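*Asks:* After the structure tokens below, expect a handful of questions from me.
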Protein chains: 2
Amino acid sequence: MAENDSTRVAVNGYGVIGKRVADAIAAQDDMELSGVADITGDWRAHIVKHKGFQLYAASDGHASPMQDAGLEIAGVLDELLEQSDIVVDCTPKRIAAKNVELYRRRGIKFIVHGGEAHDVTGHSFVAEANYDSAVDRNSTRVVSCNTTSIVRTLSALKRAGLLRRARGTLLRRATDPWESHLGGIMNTLVPEATIPSHQGPDTQSVDPDLDVVTMAVKVPQTLAHLHYWTVQLTRNVEEEEVLNALRTSSRIALVRAGDGLNAINAIKEMMADLSRPYDSLYEVAVWEDMLKVHGDELFYAYMVDNQAIVIPETIDAIRALTGTIKDGPESIAKTDAALDIGLAAIGARLAAQGNR
Amino acid sequence: MAENDSTRVAVNGYGVIGKRVADAIAAQDDMELSGVADITGDWRAHIVKHKGFQLYAASDGHASPMQDAGLEIAGVLDELLEQSDIVVDCTPKRIAAKNVELYRRRGIKFIVHGGEAHDVTGHSFVAEANYDSAVDRNSTRVVSCNTTSIVRTLSALKRAGLLRRARGTLLRRATDPWESHLGGIMNTLVPEATIPSHQGPDTQSVDPDLDVVTMAVKVPQTLAHLHYWTVQLTRNVEEEEVLNALRTSSRIALVRAGDGLNAINAIKEMMADLSRPYDSLYEVAVWEDMLKVHGDELFYAYMVDNQAIVIPETIDAIRALTGTIKDGPESIAKTDAALDIGLAAIGARLAAQGNR
């Protein structure tokens, strides 16, 4: 695709998600990063410049302090939006809702993330589940990391006609690594005060047909979330049939504890070994050798890299809203190729090496 | 009961469980601690003497080093057994199985704990579930902390005719506080390699009728285990009916996150405030205000103090095996009174104070 046919994408907010989205946009051959807007003049903004991205101030008021910090500012957010086809909002929870007013005034398409309510856009997005309904829309919400993982896995079971209902327990990481100096829980467990937790209803914002109930608890570590699921199937099946259903998703990686991937830190280290940016696990990592079927009941556990899993979804959402690719599987395959997604290949290699 | 009618109880192994069992025996008016056997001459053995308990060497070979450490030894294990009606084995996993040969040769009744296999005694014990079948037996196994909590809670639901089947996710503490300098996991999560985990079948060693499947994961904290359960009920009920079923057990404490007991460290601190030895939570602490019923499905979470929960069970097992009290509820009530078990009263006080 010629340079001038590229979709010009703005990223507003260069935090945990924004920085990863920016890199992922830069890695696509049908998009260009028109610029990054933020409010900080600290080291994070200098990284934006170091990467060669255009840096914008989120508002006039933020421009001077950023310039005083020695940063060359290309302009303010308003100007960035003028030069963009779409904006991905990666600002903190509840800030995005205010930005949305600006996006609407400007008439620019926009994507918000899972911290915002479904009503902000009226559409909640997971590529494998509902890409079609996002095509040519003005906006969508890429749902949260946990919800994304739930929709991916349960959609795979649903497509295979296996899913009746699912009940999950979510172990949520205490805080993100980057923010862990700001405080997090230590040597304790903190249950979410309400059962069911919000992820179940949030899953239904993508697919109202999914019968899902979740419970959640905060645990004292920073690497990733971990889910345990009990699923009522529609009928008695063999484990292989379930695994084959999960294999239909390129964004579900079957991993094996028996290969030494027996803890979340081991999987994270493998991502570093693969030279993925930020050691990102874009896939839902389901432990294949733990997964068990008893009659018509299915039990499994998986890891969710909360900082990474929504990145490919965001790239797909850009294509869906702008309508540059109207076919979900086509966009997914393109994103996967650009980000080197698909751990199945690694699992196959391990198998070929006789490590199983 | 006159002093010379007391049951003379030996404790073999003064570790995490043994020290708590010894204190609990000393707190009963129908038992006396005939002595404690161990192999160590370090500070822990000096604590035994400081408490005024008789200290024995586990074998001849251990006697000299203990004496060299300045400890006055009353004799060796063999001699302790001679002066006892029953022995509670609190030695580490797999050591007990060897001791059992000695106990049988001596013809002394014995109790082992959950680290041993069911077959070692042929009977697995939880007071509220199967006290009767332990009466006058030669031996029993007080099941593990997790299994004890499962049997207590599911038995309460079963007694009320509410239980069809239960599926649980167990968050296991990384190590005991006392042993945490020896290593434990940090900033990660380690799933048990096999689903289902062993606690489900272990529960059936107490009550084969319980339809239960468990999954387990090790988490980086030392305070307690935390369980999340999804239970299929026999019919649609109101939450209050479930709570009333749980209230039939004095060893299930209903606590409220809304009272500030919203994490396991808060509950542990409350046990310290109650001046319980070792801040012990003997009860299964079920969060009353998190518990939810949807139609015929029940969801709840609870905390298990792995060092404390089996202590009252062990006291009851002593009475059952020796036949000094043949009625389960009578023994349970006696143990509860001696150990000040029954947090329901505290919950009621909180309610009376309008803290809800």
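For the structure tokens, the naming scheme is as follows: chains receive sequential letters (A, B, ...) according to their order of presentation, residues are indexed from 1 within each chain, and ligands are indexed from 1 in presentation order.
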If we count only C-alpha atoms, which residues of chain B reach to within 7 Å of chain A? Please list them as a PyMOL selection string.

*Replies:* chain B and resi 169+187-191+193-195+220-223+228+257+262-265+290-292

*Asks:* Can you show chain B as a CSV table (one decimal) with C-alpha atoms, in the first residue's frame once it has been least-squares superposed onto chain A, using every C-alpha atom paired in order?

*Replies:*
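Saved to part.csv:
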```
chain,number,residue,atom,x,y,z
B,1,MET,CA,-0.1,0.0,0.0
B,2,ALA,CA,1.4,3.4,-1.0
B,3,GLU,CA,2.5,5.7,1.8
B,4,ASN,CA,-0.2,8.2,1.0
B,5,ASP,CA,-3.0,5.5,1.2
B,6,SER,CA,-2.0,4.8,4.8
B,7,THR,CA,-4.4,5.4,7.6
B,8,ARG,CA,-3.1,8.3,9.7
B,9,VAL,CA,-3.6,7.3,13.3
B,10,ALA,CA,-3.2,9.6,16.3
B,11,VAL,CA,-2.5,8.2,19.8
B,12,ASN,CA,-3.8,10.3,22.7
B,13,GLY,CA,-2.0,9.3,25.9
B,14,TYR,CA,1.4,7.6,26.1
B,15,GLY,CA,1.0,5.3,29.1
B,16,VAL,CA,1.1,1.6,29.5
B,17,ILE,CA,-1.4,1.0,26.6
B,18,GLY,CA,-0.6,4.1,24.4
B,19,LYS,CA,3.1,3.3,24.1
B,20,ARG,CA,2.4,-0.3,22.9
B,21,VAL,CA,-0.4,0.9,20.6
B,22,ALA,CA,2.0,3.5,19.1
B,23,ASP,CA,4.7,0.8,18.4
B,24,ALA,CA,2.1,-1.6,16.9
B,25,ILE,CA,0.7,1.1,14.6
B,26,ALA,CA,4.3,1.9,13.4
B,27,ALA,CA,4.7,-1.8,12.7
B,28,GLN,CA,1.7,-1.9,10.2
B,29,ASP,CA,2.3,-1.3,6.5
B,30,ASP,CA,-1.2,0.2,6.0
B,31,MET,CA,-1.0,2.7,8.9
B,32,GLU,CA,1.2,5.6,10.0
B,33,LEU,CA,1.4,7.1,13.4
B,34,SER,CA,0.5,10.7,12.8
B,35,GLY,CA,1.6,11.6,16.3
B,36,VAL,CA,1.3,11.1,20.0
B,37,ALA,CA,-0.3,13.5,22.5
B,38,ASP,CA,0.4,13.5,26.2
B,39,ILE,CA,0.6,15.9,29.1
B,40,THR,CA,4.0,15.0,30.6
B,41,GLY,CA,7.4,16.5,30.0
B,42,ASP,CA,9.2,13.8,31.9
B,43,TRP,CA,11.3,10.9,30.5
B,44,ARG,CA,8.3,9.3,28.9
B,45,ALA,CA,7.8,12.2,26.5
B,46,HIS,CA,11.5,12.1,25.6
B,47,ILE,CA,11.1,8.4,24.6
B,48,VAL,CA,8.4,9.5,22.2
B,49,LYS,CA,10.9,11.8,20.5
B,50,HIS,CA,13.6,9.2,20.7
B,51,LYS,CA,11.4,6.8,18.7
B,52,GLY,CA,11.0,9.4,16.0
B,53,PHE,CA,7.3,10.0,16.7
B,54,GLN,CA,5.7,13.4,16.5
B,55,LEU,CA,4.9,14.7,20.0
B,56,TYR,CA,1.9,16.9,20.7
B,57,ALA,CA,0.7,18.5,23.9
B,58,ALA,CA,-2.7,17.4,25.0
B,59,SER,CA,-3.7,21.0,25.4
B,60,ASP,CA,-2.3,24.6,25.2
B,61,GLY,CA,-1.8,24.6,28.9
B,62,HIS,CA,0.5,21.6,28.7
B,63,ALA,CA,2.6,22.9,25.8
B,64,SER,CA,4.8,25.3,27.7
B,65,PRO,CA,5.9,22.9,30.5
B,66,MET,CA,6.8,20.3,27.8
B,67,GLN,CA,8.8,22.9,25.9
B,68,ASP,CA,10.5,24.0,29.1
B,69,ALA,CA,11.5,20.4,29.6
B,70,GLY,CA,13.4,20.7,26.3
B,71,LEU,CA,10.9,18.9,24.2
B,72,GLU,CA,10.1,19.9,20.6
B,73,ILE,CA,6.3,20.0,20.3
B,74,ALA,CA,4.6,19.6,16.9
B,75,GLY,CA,1.5,21.2,18.2
B,76,VAL,CA,-1.5,20.5,20.4
B,77,LEU,CA,-4.0,17.6,20.3
B,78,ASP,CA,-6.5,19.6,18.2
B,79,GLU,CA,-3.9,20.0,15.5
B,80,LEU,CA,-2.9,16.3,15.7
B,81,LEU,CA,-6.6,15.4,15.1
B,82,GLU,CA,-6.7,17.6,12.1
B,83,GLN,CA,-4.0,15.6,10.5
B,84,SER,CA,-5.4,12.2,11.4
B,85,ASP,CA,-8.1,9.8,10.1
B,86,ILE,CA,-8.7,8.3,13.5
B,87,VAL,CA,-7.6,8.7,17.1
B,88,VAL,CA,-6.9,5.9,19.6
B,89,ASP,CA,-7.6,7.2,23.1
B,90,CYS,CA,-5.2,5.7,25.7
B,91,THR,CA,-5.7,8.2,28.5
B,92,PRO,CA,-6.5,7.0,32.0
B,93,LYS,CA,-10.0,5.8,33.0
B,94,ARG,CA,-12.7,8.4,32.9
B,95,ILE,CA,-10.5,11.0,31.1
B,96,ALA,CA,-11.4,9.5,27.7
B,97,ALA,CA,-15.1,10.3,28.2
B,98,LYS,CA,-14.2,14.0,28.2
B,99,ASN,CA,-12.0,13.7,25.1
B,100,VAL,CA,-14.8,12.0,23.3
B,101,GLU,CA,-16.7,15.4,23.2
B,102,LEU,CA,-13.7,16.9,21.3
B,103,TYR,CA,-13.5,13.9,18.9
B,104,ARG,CA,-17.2,14.2,18.1
B,105,ARG,CA,-16.9,18.0,17.6
B,106,ARG,CA,-13.9,17.4,15.2
B,107,GLY,CA,-15.9,14.6,13.5
B,108,ILE,CA,-13.0,12.2,13.8
B,109,LYS,CA,-13.4,8.5,14.3
B,110,PHE,CA,-12.2,7.3,17.7
B,111,ILE,CA,-11.4,4.2,19.8
B,112,VAL,CA,-11.5,4.1,23.6
B,113,HIS,CA,-10.4,1.3,25.8
B,114,GLY,CA,-12.0,-0.9,28.5
B,115,GLY,CA,-11.8,1.6,31.3
B,116,GLU,CA,-14.7,3.5,29.7
B,117,ALA,CA,-18.3,2.4,29.7
B,118,HIS,CA,-19.9,0.7,26.8
B,119,ASP,CA,-22.3,3.6,26.4
B,120,VAL,CA,-19.5,6.0,25.5
B,121,THR,CA,-19.4,4.4,22.0
B,122,GLY,CA,-22.4,2.0,22.0
B,123,HIS,CA,-20.1,-0.7,20.6
B,124,SER,CA,-17.6,-3.0,22.3
B,125,PHE,CA,-15.0,-4.7,20.2
B,126,VAL,CA,-13.2,-8.0,20.1
B,127,ALA,CA,-11.9,-8.8,16.6
B,128,GLU,CA,-12.8,-12.5,16.4
B,129,ALA,CA,-16.2,-11.9,17.8
B,130,ASN,CA,-17.7,-8.8,16.2
B,131,TYR,CA,-15.4,-7.2,13.7
B,132,ASP,CA,-18.2,-7.0,11.1
B,133,SER,CA,-20.4,-4.8,13.2
B,134,ALA,CA,-17.6,-2.3,13.8
B,135,VAL,CA,-16.9,-1.8,10.1
B,136,ASP,CA,-17.4,1.9,9.1
B,137,ARG,CA,-18.7,2.9,12.5
B,138,ASN,CA,-17.5,6.2,14.0
B,139,SER,CA,-16.3,4.7,17.2
B,140,THR,CA,-15.8,1.6,19.3
B,141,ARG,CA,-14.5,0.5,22.6
B,142,VAL,CA,-11.8,-2.1,22.7
B,143,VAL,CA,-12.8,-4.0,25.9
B,144,SER,CA,-10.5,-4.6,28.8
B,145,CYS,CA,-7.8,-7.2,28.9
B,146,ASN,CA,-9.8,-9.7,31.0
B,147,THR,CA,-12.9,-9.3,28.9
B,148,THR,CA,-10.9,-9.7,25.7
B,149,SER,CA,-9.5,-13.0,27.0
B,150,ILE,CA,-13.0,-14.2,28.0
B,151,VAL,CA,-14.5,-13.3,24.7
B,152,ARG,CA,-11.7,-14.9,22.7
B,153,THR,CA,-11.9,-18.2,24.5
B,154,LEU,CA,-15.6,-18.5,24.9
B,155,SER,CA,-16.2,-17.4,21.3
B,156,ALA,CA,-14.0,-20.3,20.2
B,157,LEU,CA,-16.0,-22.7,22.2
B,158,LYS,CA,-19.3,-21.1,21.0
B,159,ARG,CA,-18.2,-21.4,17.3
B,160,ALA,CA,-17.6,-25.1,17.8
B,161,GLY,CA,-21.1,-25.4,19.3
B,162,LEU,CA,-19.7,-26.5,22.6
B,163,LEU,CA,-20.5,-23.7,25.0
B,164,ARG,CA,-23.5,-23.7,27.3
B,165,ARG,CA,-22.3,-21.6,30.2
B,166,ALA,CA,-19.0,-20.5,31.8
B,167,ARG,CA,-18.0,-19.6,35.4
B,168,GLY,CA,-14.6,-18.1,36.0
B,169,THR,CA,-12.4,-17.0,38.9
B,170,LEU,CA,-10.0,-14.2,37.9
B,171,LEU,CA,-6.7,-13.6,39.8
B,172,ARG,CA,-5.9,-10.0,39.0
B,173,ARG,CA,-2.4,-8.6,39.2
B,174,ALA,CA,-2.0,-6.0,41.9
B,175,THR,CA,-0.7,-3.2,39.7
B,176,ASP,CA,1.3,-2.7,36.5
B,177,PRO,CA,5.0,-3.1,36.8
B,178,TRP,CA,5.6,0.5,35.6
B,179,GLU,CA,3.4,1.8,38.4
B,180,SER,CA,4.5,-0.6,41.2
B,181,HIS,CA,6.5,2.1,42.9
B,182,LEU,CA,3.2,4.0,43.5
B,183,GLY,CA,1.9,1.2,45.7
B,184,GLY,CA,0.3,-2.2,45.4
B,185,ILE,CA,-0.9,-4.9,47.8
B,186,MET,CA,1.8,-7.1,49.4
B,187,ASN,CA,1.5,-10.4,51.1
B,188,THR,CA,-2.3,-10.5,51.1
B,189,LEU,CA,-5.2,-11.2,48.8
B,190,VAL,CA,-8.1,-8.8,48.2
B,191,PRO,CA,-11.3,-10.2,46.9
B,192,GLU,CA,-13.4,-7.9,44.8
B,193,ALA,CA,-16.2,-6.9,47.1
B,194,THR,CA,-19.0,-7.9,44.7
B,195,ILE,CA,-19.8,-11.3,43.2
B,196,PRO,CA,-20.3,-11.4,40.3
B,197,SER,CA,-17.4,-9.2,39.3
B,198,HIS,CA,-18.0,-6.7,36.4
B,199,GLN,CA,-16.2,-8.8,33.7
B,200,GLY,CA,-19.1,-11.1,33.1
B,201,PRO,CA,-21.6,-8.3,32.1
B,202,ASP,CA,-18.8,-6.6,30.2
B,203,THR,CA,-18.3,-9.8,28.1
B,204,GLN,CA,-22.0,-9.6,27.2
B,205,SER,CA,-21.4,-6.1,25.9
B,206,VAL,CA,-19.5,-7.8,23.1
B,207,ASP,CA,-21.7,-10.9,22.8
B,208,PRO,CA,-25.0,-10.8,24.7
B,209,ASP,CA,-25.5,-14.6,24.1
B,210,LEU,CA,-22.5,-15.6,26.3
B,211,ASP,CA,-23.7,-17.0,29.6
B,212,VAL,CA,-20.8,-16.1,31.9
B,213,VAL,CA,-20.3,-15.3,35.6
B,214,THR,CA,-17.0,-14.1,37.0
B,215,MET,CA,-15.5,-13.6,40.5
B,216,ALA,CA,-12.3,-11.7,41.0
B,217,VAL,CA,-9.5,-11.3,43.5
B,218,LYS,CA,-6.4,-9.1,43.5
B,219,VAL,CA,-3.1,-10.9,44.1
B,220,PRO,CA,0.3,-9.5,45.1
B,221,GLN,CA,2.2,-9.7,41.8
B,222,THR,CA,2.6,-7.5,38.7
B,223,LEU,CA,3.1,-9.8,35.8
B,224,ALA,CA,-0.3,-10.8,34.5
B,225,HIS,CA,-3.8,-12.0,35.3
B,226,LEU,CA,-4.6,-15.7,35.6
B,227,HIS,CA,-8.1,-17.1,35.0
B,228,TYR,CA,-9.6,-20.4,36.1
B,229,TRP,CA,-12.7,-21.6,34.3
B,230,THR,CA,-15.4,-24.2,34.7
B,231,VAL,CA,-17.5,-24.5,31.6
B,232,GLN,CA,-20.7,-26.4,31.1
B,233,LEU,CA,-20.5,-27.9,27.6
B,234,THR,CA,-23.4,-28.7,25.4
B,235,ARG,CA,-22.5,-32.4,25.3
B,236,ASN,CA,-19.8,-34.9,26.4
B,237,VAL,CA,-16.6,-34.4,24.4
B,238,GLU,CA,-13.0,-35.4,24.3
B,239,GLU,CA,-10.3,-32.9,25.3
B,240,GLU,CA,-9.0,-32.9,21.8
B,241,GLU,CA,-12.2,-31.5,20.5
B,242,VAL,CA,-12.0,-28.6,22.9
B,243,LEU,CA,-8.3,-28.0,22.0
B,244,ASN,CA,-9.2,-28.0,18.3
B,245,ALA,CA,-11.9,-25.4,19.0
B,246,LEU,CA,-9.3,-23.2,20.8
B,247,ARG,CA,-6.9,-23.7,17.9
B,248,THR,CA,-9.3,-22.0,15.6
B,249,SER,CA,-8.2,-18.7,17.2
B,250,SER,CA,-4.7,-17.4,16.3
B,251,ARG,CA,-4.9,-15.3,19.5
B,252,ILE,CA,-5.2,-18.3,21.8
B,253,ALA,CA,-1.8,-19.9,22.4
B,254,LEU,CA,-1.8,-23.4,23.8
B,255,VAL,CA,1.2,-23.8,26.1
B,256,ARG,CA,2.4,-26.7,28.1
B,257,ALA,CA,3.4,-26.7,31.8
B,258,GLY,CA,5.4,-29.8,30.8
B,259,ASP,CA,7.5,-27.7,28.5
B,260,GLY,CA,8.7,-25.7,31.5
B,261,LEU,CA,6.0,-23.0,31.0
B,262,ASN,CA,4.6,-23.9,34.4
B,263,ALA,CA,4.3,-20.3,35.8
B,264,ILE,CA,3.4,-16.9,34.5
B,265,ASN,CA,7.0,-15.6,34.9
B,266,ALA,CA,8.3,-18.5,32.7
B,267,ILE,CA,5.8,-17.5,29.9
B,268,LYS,CA,6.8,-13.8,30.3
B,269,GLU,CA,10.5,-14.8,29.9
B,270,MET,CA,9.7,-16.7,26.8
B,271,MET,CA,8.2,-13.5,25.3
B,272,ALA,CA,11.4,-11.7,26.0
B,273,ASP,CA,13.3,-14.6,24.4
B,274,LEU,CA,11.1,-14.0,21.3
B,275,SER,CA,12.2,-10.4,21.3
B,276,ARG,CA,8.7,-9.2,21.5
B,277,PRO,CA,8.4,-5.5,22.4
B,278,TYR,CA,7.8,-5.2,26.2
B,279,ASP,CA,7.9,-9.0,26.4
B,280,SER,CA,4.3,-8.9,25.2
B,281,LEU,CA,2.0,-11.9,25.4
B,282,TYR,CA,-0.6,-10.9,22.9
B,283,GLU,CA,-2.3,-14.3,23.0
B,284,VAL,CA,-4.4,-15.8,25.7
B,285,ALA,CA,-2.0,-18.5,27.0
B,286,VAL,CA,-4.1,-21.6,27.8
B,287,TRP,CA,-2.3,-24.5,29.5
B,288,GLU,CA,-3.0,-27.4,27.1
B,289,ASP,CA,-1.8,-30.1,29.5
B,290,MET,CA,-3.8,-28.8,32.4
B,291,LEU,CA,-7.1,-28.6,30.5
B,292,LYS,CA,-9.5,-31.3,31.5
B,293,VAL,CA,-12.9,-32.5,30.4
B,294,HIS,CA,-15.1,-34.6,32.7
B,295,GLY,CA,-18.2,-35.6,30.8
B,296,ASP,CA,-19.8,-32.4,29.7
B,297,GLU,CA,-17.7,-30.2,32.0
B,298,LEU,CA,-14.6,-28.4,31.0
B,299,PHE,CA,-11.9,-27.0,33.3
B,300,TYR,CA,-8.9,-24.9,32.2
B,301,ALA,CA,-6.6,-22.1,33.2
B,302,TYR,CA,-4.9,-19.3,31.2
B,303,MET,CA,-2.7,-16.3,31.5
B,304,VAL,CA,-3.6,-12.8,30.4
B,305,ASP,CA,-0.9,-10.2,29.8
B,306,ASN,CA,-3.0,-7.2,30.7
B,307,GLN,CA,-0.7,-4.7,29.0
B,308,ALA,CA,-0.5,-6.6,25.7
B,309,ILE,CA,-3.7,-8.5,24.9
B,310,VAL,CA,-5.7,-5.5,23.7
B,311,ILE,CA,-2.9,-4.2,21.3
B,312,PRO,CA,-3.8,-6.4,18.3
B,313,GLU,CA,-7.5,-5.8,19.0
B,314,THR,CA,-6.8,-2.0,18.8
B,315,ILE,CA,-5.1,-2.4,15.4
B,316,ASP,CA,-8.0,-4.4,14.1
B,317,ALA,CA,-10.4,-1.8,15.4
B,318,ILE,CA,-8.6,0.9,13.5
B,319,ARG,CA,-9.1,-1.0,10.2
B,320,ALA,CA,-12.7,-1.8,11.0
B,321,LEU,CA,-13.8,1.7,11.8
B,322,THR,CA,-11.9,3.2,8.9
B,323,GLY,CA,-13.2,0.4,6.6
B,324,THR,CA,-9.8,-0.1,5.0
B,325,ILE,CA,-10.3,-3.8,5.5
B,326,LYS,CA,-13.9,-4.9,5.8
B,327,ASP,CA,-13.2,-8.6,6.4
B,328,GLY,CA,-12.3,-9.5,10.0
B,329,PRO,CA,-10.2,-12.6,9.4
B,330,GLU,CA,-8.2,-10.6,6.8
B,331,SER,CA,-7.4,-7.8,9.3
B,332,ILE,CA,-6.6,-10.3,12.0
B,333,ALA,CA,-4.2,-12.2,9.8
B,334,LYS,CA,-2.5,-8.9,8.8
B,335,THR,CA,-2.2,-7.8,12.4
B,336,ASP,CA,-0.9,-11.2,13.5
B,337,ALA,CA,1.8,-11.2,10.8
B,338,ALA,CA,2.9,-7.6,11.7
B,339,LEU,CA,3.2,-8.4,15.4
B,340,ASP,CA,4.4,-12.0,15.0
B,341,ILE,CA,1.4,-13.4,16.8
B,342,GLY,CA,0.8,-17.1,16.9
B,343,LEU,CA,2.5,-19.2,19.5
B,344,ALA,CA,1.0,-22.3,18.1
B,345,ALA,CA,4.0,-22.5,15.8
B,346,ILE,CA,6.3,-22.5,18.8
B,347,GLY,CA,4.3,-25.2,20.5
B,348,ALA,CA,4.6,-27.3,17.3
B,349,ARG,CA,8.4,-26.7,17.3
B,350,LEU,CA,8.7,-27.8,20.8
B,351,ALA,CA,6.8,-31.0,19.9
B,352,ALA,CA,9.0,-31.6,16.9
B,353,GLN,CA,12.0,-31.3,19.2
B,354,GLY,CA,10.6,-34.1,21.3
B,355,ASN,CA,10.4,-31.9,24.3
B,356,ARG,CA,6.9,-33.3,25.1
```

*Asks:* Name the residues of stretch 6-92 of chain A that fall into strand (DSSP E or B) according to DSSP on the backbone, using the chain letters and numbers of this document, as number ranges by chain.

*Replies:* A: 7-12, 31-38, 55-57, 75-76, 86-89

*Asks:* Please report, as a VMD selection string, each residue of stretch 121-328 of chain A to which DSSP assigns helix (DSSP H, G or I) when run on this structure's backbone.

*Replies:* chain A and resid 127 to 134 145 to 159 177 to 182 199 to 206 239 to 247 257 to 259 264 to 273 277 to 279 310 to 322 328
